[in-house]
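Trainee: Next up is a structure, given as structure tokens.
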Amino acid sequence: MEIEKGAGKLAKTLRVMILDKPGYLGKLTSAIGMQGSSIGDIRLLRMGLTHNTREMTIYVDNDEQMEEILDNLAKVEGIIVEDVIDLVHQLHEGGKIAMKGTRPLNTIGDIRKIYTPGVATICRDIQKRPELAYKYTAIPNQVAIVTNGTAILGLGDIGAVAGMPVMEGKAALFDRLVGVSGIPILIESKDPAVIIETVKNIAPTFGAIKLEDIAAPECFEIEDVLDRILDIPVMHDDQHGTAVVVLAALLNATKFSGLMLGKSAIGVIGLGAAGMGISKLLLSYGVKKVIGTDLQESARERLNAAGGEAGTLLDVMAGANVVIATTGCPGLIKPEMVKKGQVILALSNPNPEITPEDAAAAGAAFAADGKSVNNALGFPGIFRGALNVRARVINNKMKIAAAKAIAACAEEGELVPSILNDEVHQKVAEAVERAALESGVIKPWE
Ligand SMILES: NC(=O)C1=CN([C@@H]2O[C@H](COP(=O)(O)OP(=O)(O)OC[C@H]3O[C@@H](n4cnc5c(N)ncnc54)[C@H](O)[C@@H]3O)[C@@H](O)[C@H]2O)C=CC1
Ligand SMILES: CC(=O)C(=O)O
Ligand SMILES: [Mg+2]
């Protein structure tokens with residue numbers, strides 16, 4: 001199992017002046033190591049007469065641990081800490097995305113063509129034949145990333161603006177992985193009717209709509225209605241992107257461990273957007289038994305209505321061969337609850353219900369968290385494929401095709417490939433295109 005350096009920790013960069021005598025760099029690294037922090041890159045910035053200045057990345061559990069390290073370093077002779085830089089904050093300054101022009105704009109002639117008066121001809125053409133918008137504008141490559149901030153990355157209802165860094169992250173992934181322009185849309189409302197109306201009114205700007213981090217149960221109605229009234233694909237990533245990647249992981253778990261999906265009991269802890277999306281896709285794929293649990297009675301009823309069985313947390317842990325957790329509650333699964341040979345996917349971000357290391361130590365045959373089994377393996381290729389063939393919807397056939405394509409790109413012994421695997425997103429897009437064509441959900445040109 002791959003253990004990622006600094007996973008779940010805060011990355012800080014220390015700029016330190018170190019006395020230029022043998023042993024002082026060692027004093028620094030041991031002082032940091034003794035506080036339980038691990039060390040990443042070390043770079044030499046400057047060689048001075050008496051001191052050298054180095055920058056080093058260290059990984060800490062929290063800000064308190066960082067303070068303790070600084071207090072300790074202040075007592076070490078020959079070491080002067082000049083600055084502490086938080087890498088994550090630094091990377092977010094000014095935001096992570098931008099809307100850019102794609103044509104040269106160097107001369108007045110360029111402006112006449114790209115803007116007025118040249119552009120008027122294009123507008124009139126589109127007015128006469130609206131489908132030309134797909135030829136002469138960026139619309140078919142733009143996906144709205146819509147949130148109201150009610151279930152942001154396991155942080156709960158923190159509001160749409162506080163969720164913007166996540167939406168920018170998804171847009172950056174869209175651009176980097178499949179060349180789609182993801183445009184964050186923040187909606188200040190919890191009322192499904194307002195969200196539906198807002199998205200409906202802005203939909204002409206986009207080739208597809210990706211709903212993100214909208215909490216259950218409102219997310220179900222919002223997606224159902226938008227999917228029905230819009231003729232472009234609408235997909236709630238937390239439900240379906242996640243479900244696709246979970247199915248991919250389980251297809252590989254069956255390949256490597258002899259687990260039989262059709263005969264397994266799959267446990268789902270947390271039956272919100274992600275948990276219900278996963279349960280529904282697995283049931284439609286042919287899994288006979290999904291047992292699930294949630295704190296809310298209404299969520300448990302939802303699972304029963306979808307063909308699963310609701311129970312308690314302990315029922316799920318004792319009765320399932322595969323446990324998938326999507327609660328947003330770090331540490332919910334205790335090592336003593338894990339059964340030997342279980343597959344444990346503890347998918348909550350930013351921190352899982354149990355770490356893969358603890359689950360493996362407790363006897364799990366396979367264990368992963370939400371950083372690796374992550375919908376970022378699914379949504380880029382799913383939307384790319386749907387946009388490429390101008391699909392009207394993203395249906396189960398397309399999702400299952402995407403899951404198989406992801407599973408096929410994993411290395412021997414791994415449940416899923418890396419998000420930065422060179423071919424996975426292209427393969428997912430191709431599989432989704434084929435499934436869309438075969439299922440006849442392509443929008444004909446008028
Ligand atoms: N790895 C991945 O790709 C993804 C991970 N997630 C993670 O899943 C978690 C949930 O996200 P959503 O489903 O969008 O949120 P949500 O708010 O729609 O659903 C969360 C559900 O968990 C239930 N819950 C909370 N504490 C519980 C407990 N102690 N026991 C049982 N049920 C409990 C809630 O009642 C709710 O029904 C988040 O941490 C999120 O980061 C979500 C989508 C993708
Ligand atoms: C990955 C993701 O979409 C989430 O944790 O909400
Ligand atoms: Mg999400």
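Here's how to read the names in the structure tokens: chain A, B, ... by the order shown, residue numbers from 1 in each chain, ligand numbers from 1 in the order shown.
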Name all residues at most 12 Å from Glu221 of chain A (count only C-alpha atoms; drop same-chain ones fewer than 3 positions away) and give them as number ranges by chain.

Mentor: A: 191-196, 211, 214-218, 224-228, 236, 273

Trainee: Name each residue within 9 Å of ligand 3, counting only C-alpha atoms and all ligand atoms, as JSON, numbers by chain.

Mentor: {"A": [151, 152, 153, 154, 166, 167, 170, 211, 212, 213, 214, 236, 237, 238, 239, 242, 274, 349, 375]}

Trainee: DSSP on the backbone, then: every residue of segment 205-388 of chain A marked helix (DSSP H, G or I), written as an NGL selection string.

Mentor: :A and (205 or 218-229 or 237-257 or 261-263 or 273-285 or 297-306 or 313-319 or 335-337 or 356-361 or 375-377 or 379-388)

Trainee: Among the residues of segment 39-246 of chain A, find those DSSP assigns to strand (DSSP E) from the backbone and print them as a PyMOL selection string.

Mentor: chain A and resi 39-47+51-60+79-86+142-147+181-186+208-211+234-236

Trainee: Can those selected residues be exported to a file as a tab-separated table (two decimals), in the first residue's frame so that it contains N, CA and C atoms?

Mentor:
chain	number	residue	atom	x	y	z
A	39	ILE	N	10.17	15.36	7.63
A	39	ILE	CA	10.84	16.39	6.83
A	39	ILE	C	10.77	16.01	5.35
A	40	GLY	N	10.45	17.00	4.50
A	40	GLY	CA	10.44	16.77	3.05
A	40	GLY	C	11.70	17.37	2.43
A	41	ASP	N	11.51	18.16	1.37
A	41	ASP	CA	12.66	18.74	0.65
A	41	ASP	C	13.50	19.68	1.53
A	42	ILE	N	14.82	19.68	1.32
A	42	ILE	CA	15.69	20.69	1.95
A	42	ILE	C	16.47	21.35	0.81
A	43	ARG	N	16.42	22.69	0.75
A	43	ARG	CA	17.13	23.40	-0.33
A	43	ARG	C	18.11	24.41	0.27
A	44	LEU	N	19.27	24.52	-0.38
A	44	LEU	CA	20.24	25.54	0.06
A	44	LEU	C	19.91	26.82	-0.69
A	45	LEU	N	19.61	27.92	0.06
A	45	LEU	CA	19.26	29.18	-0.61
A	45	LEU	C	20.47	30.11	-0.75
A	46	ARG	N	21.28	30.20	0.33
A	46	ARG	CA	22.36	31.17	0.38
A	46	ARG	C	23.51	30.62	1.20
A	47	MET	N	24.77	30.85	0.74
A	47	MET	CA	25.92	30.49	1.57
A	47	MET	C	26.51	31.79	2.10
A	51	HIS	N	26.97	31.62	8.31
A	51	HIS	CA	25.75	30.79	8.31
A	51	HIS	C	25.32	30.50	6.87
A	52	ASN	N	24.69	29.35	6.68
A	52	ASN	CA	24.01	29.05	5.41
A	52	ASN	C	22.51	29.16	5.64
A	53	THR	N	21.80	29.63	4.61
A	53	THR	CA	20.35	29.70	4.75
A	53	THR	C	19.73	28.59	3.91
A	54	ARG	N	18.88	27.81	4.55
A	54	ARG	CA	18.20	26.71	3.84
A	54	ARG	C	16.70	26.84	4.03
A	55	GLU	N	15.98	26.31	3.03
A	55	GLU	CA	14.53	26.19	3.18
A	55	GLU	C	14.22	24.72	3.31
A	56	MET	N	13.38	24.36	4.25
A	56	MET	CA	13.00	22.95	4.36
A	56	MET	C	11.50	22.81	4.57
A	57	THR	N	10.93	21.79	3.88
A	57	THR	CA	9.50	21.53	4.04
A	57	THR	C	9.34	20.56	5.20
A	58	ILE	N	8.44	20.88	6.11
A	58	ILE	CA	8.16	19.92	7.18
A	58	ILE	C	6.65	19.70	7.25
A	59	TYR	N	6.27	18.52	7.75
A	59	TYR	CA	4.86	18.17	7.83
A	59	TYR	C	4.47	18.05	9.30
A	60	VAL	N	3.48	18.84	9.71
A	60	VAL	CA	3.06	18.83	11.12
A	60	VAL	C	1.59	18.46	11.20
A	79	ILE	N	21.15	27.93	15.29
A	79	ILE	CA	19.99	27.81	14.38
A	79	ILE	C	19.11	29.05	14.58
A	80	ILE	N	18.84	29.76	13.48
A	80	ILE	CA	17.94	30.92	13.58
A	80	ILE	C	16.82	30.76	12.55
A	81	VAL	N	15.58	30.63	13.02
A	81	VAL	CA	14.46	30.50	12.08
A	81	VAL	C	14.08	31.89	11.59
A	82	GLU	N	14.19	32.11	10.26
A	82	GLU	CA	13.88	33.45	9.70
A	82	GLU	C	12.42	33.60	9.37
A	83	ASP	N	11.81	32.51	8.89
A	83	ASP	CA	10.44	32.65	8.41
A	83	ASP	C	9.76	31.27	8.39
A	84	VAL	N	8.44	31.28	8.54
A	84	VAL	CA	7.66	30.04	8.39
A	84	VAL	C	6.59	30.33	7.34
A	85	ILE	N	6.61	29.54	6.27
A	85	ILE	CA	5.65	29.78	5.18
A	85	ILE	C	4.72	28.57	5.11
A	86	ASP	N	3.43	28.82	5.10
A	86	ASP	CA	2.47	27.74	4.93
A	86	ASP	C	2.26	27.55	3.43
A	142	GLN	N	-17.46	24.35	-21.84
A	142	GLN	CA	-17.58	24.96	-20.51
A	142	GLN	C	-18.53	24.17	-19.64
A	143	VAL	N	-18.09	23.87	-18.43
A	143	VAL	CA	-18.95	23.17	-17.47
A	143	VAL	C	-19.10	24.06	-16.23
A	144	ALA	N	-20.35	24.28	-15.83
A	144	ALA	CA	-20.60	25.04	-14.59
A	144	ALA	C	-20.35	24.12	-13.41
A	145	ILE	N	-19.61	24.61	-12.44
A	145	ILE	CA	-19.39	23.83	-11.20
A	145	ILE	C	-20.20	24.55	-10.12
A	146	VAL	N	-21.39	24.00	-9.86
A	146	VAL	CA	-22.40	24.73	-9.08
A	146	VAL	C	-22.45	24.23	-7.64
A	147	THR	N	-22.31	25.15	-6.71
A	147	THR	CA	-22.48	24.76	-5.30
A	147	THR	C	-23.29	25.81	-4.54
A	181	SER	N	-13.12	23.80	-19.55
A	181	SER	CA	-13.17	25.02	-18.72
A	181	SER	C	-14.26	24.86	-17.68
A	182	GLY	N	-13.87	24.68	-16.44
A	182	GLY	CA	-14.84	24.57	-15.35
A	182	GLY	C	-15.03	25.96	-14.74
A	183	ILE	N	-16.29	26.40	-14.67
A	183	ILE	CA	-16.55	27.76	-14.17
A	183	ILE	C	-17.32	27.64	-12.85
A	184	PRO	N	-16.71	28.00	-11.71
A	184	PRO	CA	-17.44	27.93	-10.44
A	184	PRO	C	-18.65	28.87	-10.43
A	185	ILE	N	-19.76	28.38	-9.94
A	185	ILE	CA	-20.96	29.20	-9.76
A	185	ILE	C	-21.39	29.02	-8.31
A	186	LEU	N	-21.34	30.10	-7.54
A	186	LEU	CA	-21.70	30.03	-6.12
A	186	LEU	C	-23.10	30.58	-5.96
A	208	ALA	N	-22.43	21.59	-20.06
A	208	ALA	CA	-22.88	20.62	-19.04
A	208	ALA	C	-22.86	21.31	-17.68
A	209	ILE	N	-23.55	20.66	-16.73
A	209	ILE	CA	-23.62	21.20	-15.37
A	209	ILE	C	-23.11	20.15	-14.40
A	210	LYS	N	-22.13	20.55	-13.62
A	210	LYS	CA	-21.64	19.65	-12.55
A	210	LYS	C	-22.08	20.26	-11.22
A	211	LEU	N	-22.95	19.54	-10.50
A	211	LEU	CA	-23.34	20.00	-9.16
A	211	LEU	C	-22.29	19.49	-8.19
A	234	VAL	N	-26.38	16.89	-16.70
A	234	VAL	CA	-26.31	17.42	-15.34
A	234	VAL	C	-25.86	16.26	-14.46
A	235	MET	N	-24.79	16.45	-13.72
A	235	MET	CA	-24.35	15.35	-12.84
A	235	MET	C	-23.86	15.91	-11.50
A	236	HIS	N	-24.41	15.35	-10.43
A	236	HIS	CA	-23.92	15.71	-9.10
A	236	HIS	C	-22.72	14.81	-8.81

Trainee: Find the spatial neighbours of Ile354 of chain A, counting only C-alpha atoms, within a cut-off of 12 Å - ignore same-chain residues fewer than 6 positions away - and output them as a ChimeraX atom specification.

Mentor: /A:323-338,344-348,360-362,364,367-370

Trainee: Grab the residues selected above and save them as a PDB file, in the first residue's frame with N, CA and C atoms.

Mentor:
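And here is the file that came out, out.pdb:
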ATOM      1  N   VAL A 323     -16.806  -2.306   3.186  1.00  0.00           N
ATOM      2  CA  VAL A 323     -17.414  -1.183   3.914  1.00  0.00           C
ATOM      3  C   VAL A 323     -16.973   0.113   3.240  1.00  0.00           C
ATOM      4  N   ILE A 324     -17.966   0.932   2.915  1.00  0.00           N
ATOM      5  CA  ILE A 324     -17.664   2.225   2.288  1.00  0.00           C
ATOM      6  C   ILE A 324     -18.224   3.302   3.214  1.00  0.00           C
ATOM      7  N   ALA A 325     -17.372   4.225   3.634  1.00  0.00           N
ATOM      8  CA  ALA A 325     -17.847   5.240   4.582  1.00  0.00           C
ATOM      9  C   ALA A 325     -17.779   6.621   3.958  1.00  0.00           C
ATOM     10  N   THR A 326     -18.890   7.328   4.043  1.00  0.00           N
ATOM     11  CA  THR A 326     -18.981   8.701   3.509  1.00  0.00           C
ATOM     12  C   THR A 326     -19.802   9.540   4.488  1.00  0.00           C
ATOM     13  N   THR A 327     -19.254   9.766   5.662  1.00  0.00           N
ATOM     14  CA  THR A 327     -20.009  10.467   6.703  1.00  0.00           C
ATOM     15  C   THR A 327     -19.484  11.866   6.986  1.00  0.00           C
ATOM     16  N   GLY A 328     -18.215  12.126   6.622  1.00  0.00           N
ATOM     17  CA  GLY A 328     -17.572  13.376   7.050  1.00  0.00           C
ATOM     18  C   GLY A 328     -17.123  13.311   8.502  1.00  0.00           C
ATOM     19  N   CYS A 329     -17.125  12.107   9.118  1.00  0.00           N
ATOM     20  CA  CYS A 329     -16.735  11.953  10.537  1.00  0.00           C
ATOM     21  C   CYS A 329     -15.400  11.230  10.652  1.00  0.00           C
ATOM     22  N   PRO A 330     -14.285  11.951  10.769  1.00  0.00           N
ATOM     23  CA  PRO A 330     -12.999  11.269  10.881  1.00  0.00           C
ATOM     24  C   PRO A 330     -12.943  10.405  12.134  1.00  0.00           C
ATOM     25  N   GLY A 331     -12.351   9.210  12.006  1.00  0.00           N
ATOM     26  CA  GLY A 331     -12.176   8.340  13.173  1.00  0.00           C
ATOM     27  C   GLY A 331     -13.409   7.560  13.574  1.00  0.00           C
ATOM     28  N   LEU A 332     -14.491   7.629  12.781  1.00  0.00           N
ATOM     29  CA  LEU A 332     -15.736   6.936  13.163  1.00  0.00           C
ATOM     30  C   LEU A 332     -15.542   5.411  13.253  1.00  0.00           C
ATOM     31  N   ILE A 333     -14.724   4.852  12.353  1.00  0.00           N
ATOM     32  CA  ILE A 333     -14.510   3.397  12.361  1.00  0.00           C
ATOM     33  C   ILE A 333     -13.305   3.092  13.260  1.00  0.00           C
ATOM     34  N   LYS A 334     -13.561   2.356  14.333  1.00  0.00           N
ATOM     35  CA  LYS A 334     -12.472   1.993  15.259  1.00  0.00           C
ATOM     36  C   LYS A 334     -11.820   0.708  14.761  1.00  0.00           C
ATOM     37  N   PRO A 335     -10.500   0.557  14.980  1.00  0.00           N
ATOM     38  CA  PRO A 335      -9.814  -0.654  14.494  1.00  0.00           C
ATOM     39  C   PRO A 335     -10.503  -1.938  14.956  1.00  0.00           C
ATOM     40  N   GLU A 336     -11.053  -1.953  16.170  1.00  0.00           N
ATOM     41  CA  GLU A 336     -11.670  -3.194  16.670  1.00  0.00           C
ATOM     42  C   GLU A 336     -12.965  -3.545  15.927  1.00  0.00           C
ATOM     43  N   MET A 337     -13.491  -2.597  15.141  1.00  0.00           N
ATOM     44  CA  MET A 337     -14.712  -2.901  14.372  1.00  0.00           C
ATOM     45  C   MET A 337     -14.381  -3.610  13.053  1.00  0.00           C
ATOM     46  N   VAL A 338     -13.106  -3.536  12.630  1.00  0.00           N
ATOM     47  CA  VAL A 338     -12.731  -4.069  11.310  1.00  0.00           C
ATOM     48  C   VAL A 338     -12.644  -5.593  11.383  1.00  0.00           C
ATOM     49  N   ILE A 344     -12.028  -1.942   3.061  1.00  0.00           N
ATOM     50  CA  ILE A 344     -12.513  -0.726   3.745  1.00  0.00           C
ATOM     51  C   ILE A 344     -12.167   0.493   2.898  1.00  0.00           C
ATOM     52  N   LEU A 345     -13.200   1.163   2.410  1.00  0.00           N
ATOM     53  CA  LEU A 345     -12.994   2.427   1.690  1.00  0.00           C
ATOM     54  C   LEU A 345     -13.565   3.536   2.575  1.00  0.00           C
ATOM     55  N   ALA A 346     -12.701   4.205   3.285  1.00  0.00           N
ATOM     56  CA  ALA A 346     -13.134   5.276   4.201  1.00  0.00           C
ATOM     57  C   ALA A 346     -12.913   6.589   3.459  1.00  0.00           C
ATOM     58  N   LEU A 347     -13.985   7.072   2.824  1.00  0.00           N
ATOM     59  CA  LEU A 347     -13.805   8.062   1.750  1.00  0.00           C
ATOM     60  C   LEU A 347     -13.967   9.512   2.164  1.00  0.00           C
ATOM     61  N   SER A 348     -14.234   9.757   3.448  1.00  0.00           N
ATOM     62  CA  SER A 348     -14.477  11.155   3.813  1.00  0.00           C
ATOM     63  C   SER A 348     -13.219  11.990   3.674  1.00  0.00           C
ATOM     64  N   ALA A 360      -5.563  -1.497   7.589  1.00  0.00           N
ATOM     65  CA  ALA A 360      -4.736  -2.646   7.181  1.00  0.00           C
ATOM     66  C   ALA A 360      -4.176  -3.339   8.426  1.00  0.00           C
ATOM     67  N   ALA A 361      -3.734  -2.537   9.402  1.00  0.00           N
ATOM     68  CA  ALA A 361      -3.172  -3.134  10.631  1.00  0.00           C
ATOM     69  C   ALA A 361      -4.251  -3.914  11.378  1.00  0.00           C
ATOM     70  N   ALA A 362      -5.514  -3.500  11.221  1.00  0.00           N
ATOM     71  CA  ALA A 362      -6.612  -4.197  11.916  1.00  0.00           C
ATOM     72  C   ALA A 362      -7.105  -5.409  11.120  1.00  0.00           C
ATOM     73  N   ALA A 364      -7.759  -5.478   7.476  1.00  0.00           N
ATOM     74  CA  ALA A 364      -8.433  -5.270   6.182  1.00  0.00           C
ATOM     75  C   ALA A 364      -7.568  -5.822   5.041  1.00  0.00           C
ATOM     76  N   ALA A 367      -7.485  -1.408   1.789  1.00  0.00           N
ATOM     77  CA  ALA A 367      -8.006  -0.211   2.460  1.00  0.00           C
ATOM     78  C   ALA A 367      -7.551   1.006   1.679  1.00  0.00           C
ATOM     79  N   ALA A 368      -8.443   1.975   1.572  1.00  0.00           N
ATOM     80  CA  ALA A 368      -8.083   3.210   0.871  1.00  0.00           C
ATOM     81  C   ALA A 368      -8.874   4.346   1.484  1.00  0.00           C
ATOM     82  N   ASP A 369      -8.436   5.571   1.222  1.00  0.00           N
ATOM     83  CA  ASP A 369      -9.172   6.734   1.716  1.00  0.00           C
ATOM     84  C   ASP A 369      -9.648   7.597   0.545  1.00  0.00           C
ATOM     85  N   GLY A 370     -10.247   8.738   0.892  1.00  0.00           N
ATOM     86  CA  GLY A 370     -10.875   9.582  -0.122  1.00  0.00           C
ATOM     87  C   GLY A 370      -9.906  10.380  -0.967  1.00  0.00           C
TER      88      GLY A 370
END

Trainee: As a CSV table (one decimal) with C-alpha atoms, in the first residue's frame, please: the residues near segment 93-95 of chain A (cut-off 10 Å, only C-alpha atoms, same-chain neighbours under 3 positions excluded).

Mentor:
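Result file follows (around.csv):
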chain,number,residue,atom,x,y,z
A,88,VAL,CA,-1.0,25.6,1.1
A,89,HIS,CA,-1.9,29.2,1.9
A,90,GLN,CA,0.8,30.4,-0.4
A,98,ALA,CA,-8.3,32.4,-14.5
A,164,MET,CA,-14.8,28.4,-3.6
A,165,PRO,CA,-11.3,27.0,-3.1
A,168,GLU,CA,-11.4,26.2,-8.1
A,169,GLY,CA,-9.6,23.0,-7.3

Trainee: Looking at A:Lys135, A:Arg124, A:His240, A:Lys96, which one is nearest to ligand 2, with distances taken over only C-alpha atoms and all ligand atoms?

Mentor: A:His240

Trainee: May I ask for the distance between atom CA of Lys371 of chain A and atom CA of Val268 of chain A, given in Å to one decimal place?

Mentor: 18.0 Å

Trainee: Between atom CA of Ala403 of chain A and atom CA of Ala305 of chain A, what is the spacing in Å?

Mentor: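 The value is 24.6 Å.
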
Trainee: Counting only C-alpha atoms, what is within 9 Å of Leu420 of chain A, bar same-chain residues fewer than 4 positions away, as a compact mmCIF listing (two decimals) with C-alpha atoms, in the first residue's frame?

Mentor:
# COMPACT_ATOMS: atom_id res chain seq x y z
CA LEU A 177 -6.72 16.57 -16.97
CA LEU A 377 -10.64 9.97 -11.20
CA VAL A 424 -7.02 7.15 -17.40
CA HIS A 425 -9.02 10.31 -18.19

Trainee: So that I can check the surroundings of Ala318 of chain A, please list as a PDB file with N, CA and C atoms, in the first residue's frame every protein, DNA and RNA residue that reaches within 12 Å of it, counting only C-alpha atoms and ignoring chain neighbours fewer than 6 positions away.

Mentor:
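File written: around.pdb
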ATOM      1  N   ALA A 265     -21.904  -8.713   0.617  1.00  0.00           N
ATOM      2  CA  ALA A 265     -22.728  -7.704   1.300  1.00  0.00           C
ATOM      3  C   ALA A 265     -21.885  -6.442   1.346  1.00  0.00           C
ATOM      4  N   ILE A 266     -22.411  -5.371   0.774  1.00  0.00           N
ATOM      5  CA  ILE A 266     -21.672  -4.109   0.741  1.00  0.00           C
ATOM      6  C   ILE A 266     -22.266  -3.195   1.811  1.00  0.00           C
ATOM      7  N   GLY A 267     -21.423  -2.705   2.680  1.00  0.00           N
ATOM      8  CA  GLY A 267     -21.894  -1.810   3.747  1.00  0.00           C
ATOM      9  C   GLY A 267     -21.602  -0.364   3.392  1.00  0.00           C
ATOM     10  N   ILE A 291     -26.117  -3.009   2.762  1.00  0.00           N
ATOM     11  CA  ILE A 291     -26.635  -2.648   4.083  1.00  0.00           C
ATOM     12  C   ILE A 291     -26.008  -1.319   4.469  1.00  0.00           C
ATOM     13  N   GLY A 292     -26.854  -0.408   4.964  1.00  0.00           N
ATOM     14  CA  GLY A 292     -26.333   0.935   5.199  1.00  0.00           C
ATOM     15  C   GLY A 292     -26.810   1.507   6.511  1.00  0.00           C
ATOM     16  N   GLY A 311     -29.449  -0.526   8.762  1.00  0.00           N
ATOM     17  CA  GLY A 311     -29.125  -1.135  10.056  1.00  0.00           C
ATOM     18  C   GLY A 311     -28.310  -0.152  10.881  1.00  0.00           C
ATOM     19  N   THR A 312     -27.599  -0.692  11.884  1.00  0.00           N
ATOM     20  CA  THR A 312     -26.771   0.176  12.727  1.00  0.00           C
ATOM     21  C   THR A 312     -25.331   0.148  12.205  1.00  0.00           C
ATOM     22  N   ILE A 333     -14.724   4.852  12.353  1.00  0.00           N
ATOM     23  CA  ILE A 333     -14.510   3.397  12.361  1.00  0.00           C
ATOM     24  C   ILE A 333     -13.305   3.092  13.260  1.00  0.00           C
ATOM     25  N   GLU A 336     -11.053  -1.953  16.170  1.00  0.00           N
ATOM     26  CA  GLU A 336     -11.670  -3.194  16.670  1.00  0.00           C
ATOM     27  C   GLU A 336     -12.965  -3.545  15.927  1.00  0.00           C
ATOM     28  N   MET A 337     -13.491  -2.597  15.141  1.00  0.00           N
ATOM     29  CA  MET A 337     -14.712  -2.901  14.372  1.00  0.00           C
ATOM     30  C   MET A 337     -14.381  -3.610  13.053  1.00  0.00           C
ATOM     31  N   VAL A 338     -13.106  -3.536  12.630  1.00  0.00           N
ATOM     32  CA  VAL A 338     -12.731  -4.069  11.310  1.00  0.00           C
ATOM     33  C   VAL A 338     -12.644  -5.593  11.383  1.00  0.00           C
ATOM     34  N   LYS A 339     -13.277  -6.271  10.391  1.00  0.00           N
ATOM     35  CA  LYS A 339     -13.198  -7.751  10.337  1.00  0.00           C
ATOM     36  C   LYS A 339     -12.035  -8.150   9.438  1.00  0.00           C
ATOM     37  N   LYS A 340     -11.390  -9.240   9.763  1.00  0.00           N
ATOM     38  CA  LYS A 340     -10.258  -9.690   8.945  1.00  0.00           C
ATOM     39  C   LYS A 340     -10.724  -9.939   7.504  1.00  0.00           C
ATOM     40  N   GLY A 341      -9.962  -9.452   6.537  1.00  0.00           N
ATOM     41  CA  GLY A 341     -10.288  -9.700   5.133  1.00  0.00           C
ATOM     42  C   GLY A 341     -11.264  -8.701   4.525  1.00  0.00           C
ATOM     43  N   GLN A 342     -11.778  -7.758   5.338  1.00  0.00           N
ATOM     44  CA  GLN A 342     -12.724  -6.768   4.797  1.00  0.00           C
ATOM     45  C   GLN A 342     -12.018  -5.786   3.837  1.00  0.00           C
TER      46      GLN A 342
END

Trainee: Quick one: residues within 7 Å of Ala310 of chain A, only C-alpha atoms, excluding same-chain residues fewer than 2 positions away - as a list of chain:residue names?

Mentor: A:Ile291, A:Gly292, A:Thr293, A:Arg300, A:Leu303, A:Asn304, A:Gly308

Trainee: Select, from A:Val373, A:Ala320, A:Ala407, A:Ile232, the residue with the minimum atom-to-atom distance to Val389 of chain A, counting only C-alpha atoms.

Mentor: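 Among the listed residues, A:Ile232 lies closest to Val389 of chain A.
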
Trainee: With distances taken over only C-alpha atoms and all ligand atoms, which of A:Glu430, A:Glu301, A:Glu68, A:Glu309 is nearest to ligand 1?

Mentor: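 Closest residue, counting only C-alpha atoms and all ligand atoms: A:Glu301.
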
Trainee: Quick one, how far is atom 23 (C, counted along the ligand's line) of ligand 1 from atom CA of Leu313 of chain A?

Mentor: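 Separating atom 23 (C, counted along the ligand's line) of ligand 1 from atom CA of Leu313 of chain A is a distance of 11.3 Å.
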
Trainee: Choose the residue, out of A:Ser279, A:Thr50, A:Gln296, A:Thr205, that has the smallest atom-to-atom separation from ligand 1; count only C-alpha atoms and all ligand atoms.

Mentor: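 Smallest distance to ligand 1 is found for A:Gln296.
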